[in-house]
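Shown here: start_15.json, JSON, C-alpha atoms and all ligand atoms.
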[["chain", "number", "residue", "atom", "x", "y", "z"],
["Z", 1, "MET", "CA", -33.65, 75.15, -41.13],
["Z", 2, "THR", "CA", -31.27, 72.26, -41.68],
["Z", 3, "THR", "CA", -29.04, 70.68, -39.13],
["Z", 4, "GLN", "CA", -25.75, 68.95, -39.70],
["Z", 5, "ASN", "CA", -24.73, 65.78, -37.93],
["Z", 6, "THR", "CA", -21.01, 66.35, -38.39],
["Z", 7, "CYS", "CA", -18.94, 67.58, -35.51],
["Z", 8, "SER", "CA", -16.89, 70.62, -36.43],
["Z", 9, "CYS", "CA", -14.49, 70.00, -33.57],
["Z", 10, "SER", "CA", -13.39, 66.60, -34.94],
["Z", 11, "SER", "CA", -9.70, 66.08, -34.28],
["Z", 12, "SER", "CA", -9.33, 63.55, -37.10],
["Z", 13, "THR", "CA", -6.30, 64.17, -39.26],
["Z", 14, "LEU", "CA", -6.92, 61.25, -41.61],
["Z", 15, "PRO", "CA", -7.25, 62.37, -45.22],
["Z", 16, "GLU", "CA", -10.95, 62.57, -46.00],
["Z", 17, "GLU", "CA", -10.86, 59.95, -48.76],
["Z", 18, "VAL", "CA", -9.06, 57.51, -46.49],
["Z", 19, "ARG", "CA", -11.52, 58.05, -43.67],
["Z", 20, "ARG", "CA", -14.48, 57.58, -46.00],
["Z", 21, "PHE", "CA", -12.94, 54.44, -47.52],
["Z", 22, "ALA", "CA", -12.32, 52.97, -44.07],
["Z", 23, "GLU", "CA", -15.76, 53.89, -42.72],
["Z", 24, "ASP", "CA", -17.46, 52.29, -45.72],
["Z", 25, "ARG", "CA", -15.44, 49.10, -45.26],
["Z", 26, "VAL", "CA", -15.81, 48.68, -41.50],
["Z", 27, "ALA", "CA", -19.57, 48.55, -42.01],
["Z", 28, "GLN", "CA", -19.13, 45.43, -44.14],
["Z", 29, "SER", "CA", -18.69, 41.85, -43.06],
["Z", 30, "ARG", "CA", -15.11, 40.66, -42.67],
["Z", 31, "ALA", "CA", -14.13, 44.30, -42.30],
["Z", 32, "ARG", "CA", -10.61, 43.51, -41.16],
["Z", 33, "SER", "CA", -9.73, 42.17, -44.58],
["Z", 34, "PHE", "CA", -9.92, 45.81, -45.68],
["Z", 35, "LEU", "CA", -7.26, 46.96, -43.26],
["Z", 36, "ILE", "CA", -4.40, 46.54, -45.72],
["Z", 37, "PRO", "CA", -6.24, 48.27, -48.61],
["Z", 38, "THR", "CA", -6.94, 51.13, -46.20],
["Z", 39, "LEU", "CA", -3.27, 51.35, -45.28],
["Z", 40, "HIS", "CA", -2.40, 51.38, -48.98],
["Z", 41, "LYS", "CA", -4.74, 54.31, -49.48],
["Z", 42, "LEU", "CA", -3.19, 56.11, -46.53],
["Z", 43, "GLN", "CA", 0.35, 55.50, -47.72],
["Z", 44, "ASN", "CA", -0.53, 56.75, -51.20],
["Z", 45, "ALA", "CA", -2.23, 59.85, -49.81],
["Z", 46, "VAL", "CA", 0.33, 60.84, -47.18],
["Z", 47, "GLY", "CA", 3.49, 59.06, -48.27],
["Z", 48, "TYR", "CA", 3.92, 57.10, -45.05],
["Z", 49, "LEU", "CA", 2.00, 55.79, -42.06],
["Z", 50, "ARG", "CA", 1.90, 58.42, -39.33],
["Z", 51, "ASP", "CA", 1.35, 57.35, -35.73],
["Z", 52, "ASP", "CA", -1.79, 59.45, -35.29],
["Z", 53, "HIS", "CA", -3.24, 58.03, -38.50],
["Z", 54, "ILE", "CA", -2.46, 54.50, -37.37],
["Z", 55, "GLU", "CA", -4.28, 55.18, -34.11],
["Z", 56, "GLU", "CA", -7.37, 56.43, -35.95],
["Z", 57, "ILE", "CA", -7.41, 53.47, -38.30],
["Z", 58, "ALA", "CA", -6.95, 51.08, -35.40],
["Z", 59, "GLU", "CA", -9.95, 52.62, -33.68],
["Z", 60, "LEU", "CA", -12.06, 52.40, -36.82],
["Z", 61, "PHE", "CA", -11.21, 48.73, -37.32],
["Z", 62, "GLY", "CA", -11.51, 47.83, -33.64],
["Z", 63, "VAL", "CA", -7.90, 46.72, -33.23],
["Z", 64, "THR", "CA", -4.91, 48.16, -31.39],
["Z", 65, "PRO", "CA", -2.35, 50.47, -33.01],
["Z", 66, "ASN", "CA", 0.28, 47.80, -32.40],
["Z", 67, "GLN", "CA", -1.79, 45.31, -34.36],
["Z", 68, "VAL", "CA", -1.98, 47.75, -37.27],
["Z", 69, "LYS", "CA", 1.77, 48.34, -37.09],
["Z", 70, "GLY", "CA", 2.38, 44.61, -36.91],
["Z", 71, "VAL", "CA", 0.41, 44.04, -40.09],
["Z", 72, "ALA", "CA", 2.01, 46.98, -41.90],
["Z", 73, "SER", "CA", 5.55, 46.09, -40.92],
["Z", 74, "PHE", "CA", 5.11, 42.70, -42.57],
["Z", 75, "TYR", "CA", 4.89, 44.39, -45.96],
["Z", 76, "HIS", "CA", 7.82, 46.20, -47.44],
["Z", 77, "PHE", "CA", 5.60, 48.67, -49.24],
["Z", 78, "PHE", "CA", 4.63, 50.45, -46.05],
["Z", 79, "SER", "CA", 6.81, 53.09, -44.49],
["Z", 80, "PHE", "CA", 6.60, 54.58, -41.00],
["Z", 81, "GLU", "CA", 8.84, 57.50, -41.90],
["Z", 82, "PRO", "CA", 8.33, 60.22, -44.49],
["Z", 83, "LYS", "CA", 10.29, 59.51, -47.64],
["Z", 84, "GLY", "CA", 12.72, 61.94, -49.19],
["Z", 85, "ALA", "CA", 12.10, 63.74, -52.47],
["Z", 86, "CYS", "CA", 14.49, 61.17, -53.98],
["Z", 87, "PRO", "CA", 13.81, 57.84, -52.31],
["Z", 88, "ILE", "CA", 16.68, 55.38, -52.69],
["Z", 89, "SER", "CA", 16.03, 51.66, -52.94],
["Z", 90, "VAL", "CA", 18.92, 49.27, -52.67],
["Z", 91, "CYS", "CA", 17.87, 45.82, -53.82],
["Z", 92, "THR", "CA", 18.52, 43.23, -51.14],
["Z", 93, "GLY", "CA", 17.45, 40.24, -53.20],
["Z", 94, "THR", "CA", 19.75, 37.24, -53.42],
["Z", 95, "ALA", "CA", 21.53, 38.15, -56.65],
["Z", 96, "CYS", "CA", 22.20, 41.69, -55.47],
["Z", 97, "HIS", "CA", 23.24, 40.50, -52.04],
["Z", 98, "VAL", "CA", 25.74, 38.05, -53.51],
["Z", 99, "ARG", "CA", 27.18, 40.76, -55.74],
["Z", 100, "GLY", "CA", 27.83, 43.30, -53.02],
["Z", 101, "ALA", "CA", 24.60, 45.18, -52.31],
["Z", 102, "ALA", "CA", 25.47, 45.44, -48.62],
["Z", 103, "ASP", "CA", 28.68, 47.34, -49.41],
["Z", 104, "VAL", "CA", 26.79, 49.67, -51.73],
["Z", 105, "LEU", "CA", 24.14, 50.30, -49.09],
["Z", 106, "ALA", "CA", 26.83, 50.92, -46.47],
["Z", 107, "LYS", "CA", 28.48, 53.52, -48.72],
["Z", 108, "ILE", "CA", 25.17, 55.31, -49.33],
["Z", 109, "MET", "CA", 24.41, 55.40, -45.60],
["Z", 110, "LYS", "CA", 27.89, 56.71, -44.84],
["Z", 111, "LEU", "CA", 27.69, 59.49, -47.43],
["Z", 112, "LEU", "CA", 24.19, 60.58, -46.46],
["Z", 113, "LYS", "CA", 24.81, 60.03, -42.74],
["Z", 114, "ILE", "CA", 21.53, 58.19, -42.29],
["Z", 115, "GLU", "CA", 20.54, 54.61, -41.62],
["Z", 116, "ASP", "CA", 18.39, 52.36, -43.76],
["Z", 117, "GLY", "CA", 14.78, 53.54, -43.36],
["Z", 118, "GLU", "CA", 15.72, 57.14, -42.53],
["Z", 119, "ARG", "CA", 15.50, 60.44, -44.37],
["Z", 120, "THR", "CA", 18.17, 63.12, -44.67],
["Z", 121, "GLU", "CA", 17.62, 66.32, -42.69],
["Z", 122, "ASP", "CA", 17.07, 68.36, -45.84],
["Z", 123, "GLY", "CA", 14.37, 65.91, -46.92],
["Z", 124, "LEU", "CA", 16.14, 65.18, -50.20],
["Z", 125, "PHE", "CA", 16.98, 61.49, -49.76],
["Z", 126, "SER", "CA", 15.61, 58.53, -47.89],
["Z", 127, "ILE", "CA", 16.86, 54.96, -47.94],
["Z", 128, "GLY", "CA", 14.82, 51.81, -48.04],
["Z", 129, "GLY", "CA", 15.81, 48.30, -48.92],
["Z", 130, "ALA", "CA", 13.86, 46.51, -51.62],
["Z", 131, "ARG", "CA", 13.37, 42.86, -52.38],
["Z", 132, "CYS", "CA", 14.25, 41.65, -55.89],
["Z", 133, "VAL", "CA", 13.21, 44.35, -58.33],
["Z", 134, "GLY", "CA", 13.36, 41.94, -61.27],
["Z", 135, "MET", "CA", 16.63, 43.07, -62.85],
["Z", 136, "CYS", "CA", 18.98, 40.46, -61.43],
["Z", 137, "ALA", "CA", 21.23, 40.50, -64.51],
["Z", 138, "LEU", "CA", 22.16, 44.04, -63.44],
["Z", 139, "ALA", "CA", 22.89, 43.14, -59.82],
["Z", 140, "PRO", "CA", 23.52, 44.93, -57.62],
["Z", 141, "VAL", "CA", 20.71, 47.31, -58.46],
["Z", 142, "VAL", "CA", 20.02, 50.71, -56.89],
["Z", 143, "ILE", "CA", 17.04, 52.92, -57.73],
["Z", 144, "ILE", "CA", 17.25, 56.63, -56.94],
["Z", 145, "GLY", "CA", 14.04, 58.47, -57.58],
["Z", 146, "GLU", "CA", 12.95, 56.99, -60.90],
["Z", 147, "LYS", "CA", 16.42, 56.16, -62.20],
["Z", 148, "VAL", "CA", 17.74, 52.61, -62.14],
["Z", 149, "TYR", "CA", 21.47, 51.94, -61.71],
["Z", 150, "GLY", "CA", 22.89, 48.50, -62.42],
["Z", 151, "ASN", "CA", 26.20, 46.77, -61.62],
["Z", 152, "VAL", "CA", 26.74, 49.37, -58.93],
["Z", 153, "THR", "CA", 29.98, 49.48, -56.98],
["Z", 154, "PRO", "CA", 30.58, 51.51, -53.82],
["Z", 155, "ASP", "CA", 32.96, 53.77, -55.77],
["Z", 156, "GLN", "CA", 30.14, 54.88, -58.07],
["Z", 157, "VAL", "CA", 27.73, 55.84, -55.32],
["Z", 158, "GLU", "CA", 28.87, 59.43, -54.72],
["Z", 159, "ASP", "CA", 28.55, 60.39, -58.39],
["Z", 160, "MET", "CA", 25.15, 58.72, -58.56],
["Z", 161, "LEU", "CA", 23.96, 60.75, -55.59],
["Z", 162, "LYS", "CA", 25.38, 63.95, -57.06],
["Z", 163, "GLU", "CA", 23.18, 63.44, -60.11],
["Z", 164, "HIS", "CA", 20.27, 63.91, -57.72],
["Z", 165, "GLY", "CA", 21.56, 66.95, -55.83],
["Z", 166, "PHE", "CA", 23.89, 65.45, -53.23],
["Z", 167, "LYS", "CA", 26.47, 68.03, -52.22],
["Z", 168, "GLY", "CA", 28.05, 66.65, -49.09],
["Z", 169, "ASP", "CA", 31.51, 65.20, -48.81],
["Z", 170, "GLU", "CA", 32.44, 61.93, -47.22],
["Z", 171, "THR", "CA", 33.90, 62.50, -43.80],
["D", 201, "LIG", "S1", 17.98, 40.32, -56.61],
["D", 201, "LIG", "FE1", 18.26, 42.41, -57.05],
["D", 201, "LIG", "S2", 17.26, 42.67, -58.91],
["D", 201, "LIG", "FE2", 16.87, 40.60, -58.44]]

Will you turn the file into structure tokens for me?
Ligand code: FES
Amino acid sequence: MTTQNTCSCSSSTLPEEVRRFAEDRVAQSRARSFLIPTLHKLQNAVGYLRDDHIEEIAELFGVTPNQVKGVASFYHFFSFEPKGACPISVCTGTACHVRGAADVLAKIMKLLKIEDGERTEDGLFSIGGARCVGMCALAPVVIIGEKVYGNVTPDQVEDMLKEHGFKGDET
């Protein structure tokens, strides 16, 4: 007869590959240097950093959830909210900023009725700022899903969103 050492009542909700990755790393020296790679794995697996996952990772690495959040919030890549099916990135780099990115972002937020960092109720869109995406000659740049839009003006935003399924009207 064989016995198993795993507990079937585990309440862990971390994706298995993330848990295994983290457990392997925390056994190594300078384990905390693997915190960010672990968060990358989690973000790739789940799409964002959920609070319960952050708590589990904090426990594994022997830090507090606030410390994990502090580290993650330093990097733009990490998100604490689920992204929409069509994530929208408005470049906030210098060239885009100078050429009106803030007005474009404001128009997108007004049309979708969400703030930067939020997701629409239907889960279709989410908005996140982005640092220079390397296409400054096209500033201001907006990326919706996989499509890049350059020289964007606020007047173009509604049609751009409609290409991706936006149906609402500006109120
Ligand atoms: S600053 Fe926006 S693409 Fe470079």

Exercise. Quick one: residues within 9 Å of range 70-82 of chain Z, all atoms listed in the file counted, chain neighbours fewer than 3 positions away excluded, as a count of residues only?
Worked result: 23

Problem set entry | Residues near Lys162 in chain Z, cut-off 12 Å, only C-alpha atoms, skip fewer than 5 positions along chain, as JSON, numbers by chain | {"Z": [86, 108, 111, 112, 124, 125, 144, 156, 157, 167, 168, 169]}

For this session: Give the residue list for ligand LIG 201 (chain D) at 8 Å, counting all atoms listed in the file, as a ChimeraX atom specification, sorted by chain and then by residue number.
Result: /Z:91-97,131-141

For this session: Calculate how many Å separate CA of Glu56 in chain Z from CA of Gly84 in chain Z, rounding to one decimal.
Result: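 Rounded to one decimal, the two atoms are 24.7 Å apart.
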
For this session: May I ask which of the residues Z:Ala85, Z:Ala106, Z:Ala31, Z:Ile114 is the closest one to Asp155 in chain Z, counting only C-alpha atoms?
Result: Z:Ala106

For this session: Tell me, as a PyMOL selection string, which residues lie within 10 Å of Asp52 in chain Z, counting all atoms listed in the file; anything in the same chain fewer than 6 positions away does not count.
Result: chain Z and resi 12-14+58+65

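If you look at CA of Met160 in chain Z and CA of Val104 in chain Z, they are 11.5 Å away from each other.
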
Problem set entry | Separation of CA of Lys41 in chain Z from CA of Val142 in chain Z in Å | 26.1 Å

Exercise. Between Z:Asp103, Z:Lys110, Z:Glu17, Z:Leu60, which one has atoms that come closest to Phe34 in chain Z, using all atoms listed in the file?
Worked result: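 Closest to Phe34 in chain Z of all the choices is Z:Leu60.
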
Exercise. Given the choices Z:Gly150, Z:Gly100, Z:Gly145, Z:Gly62, which gets closest to Lys83 in chain Z if the distance is worked out from all atoms listed in the file?
Worked result: Z:Gly145
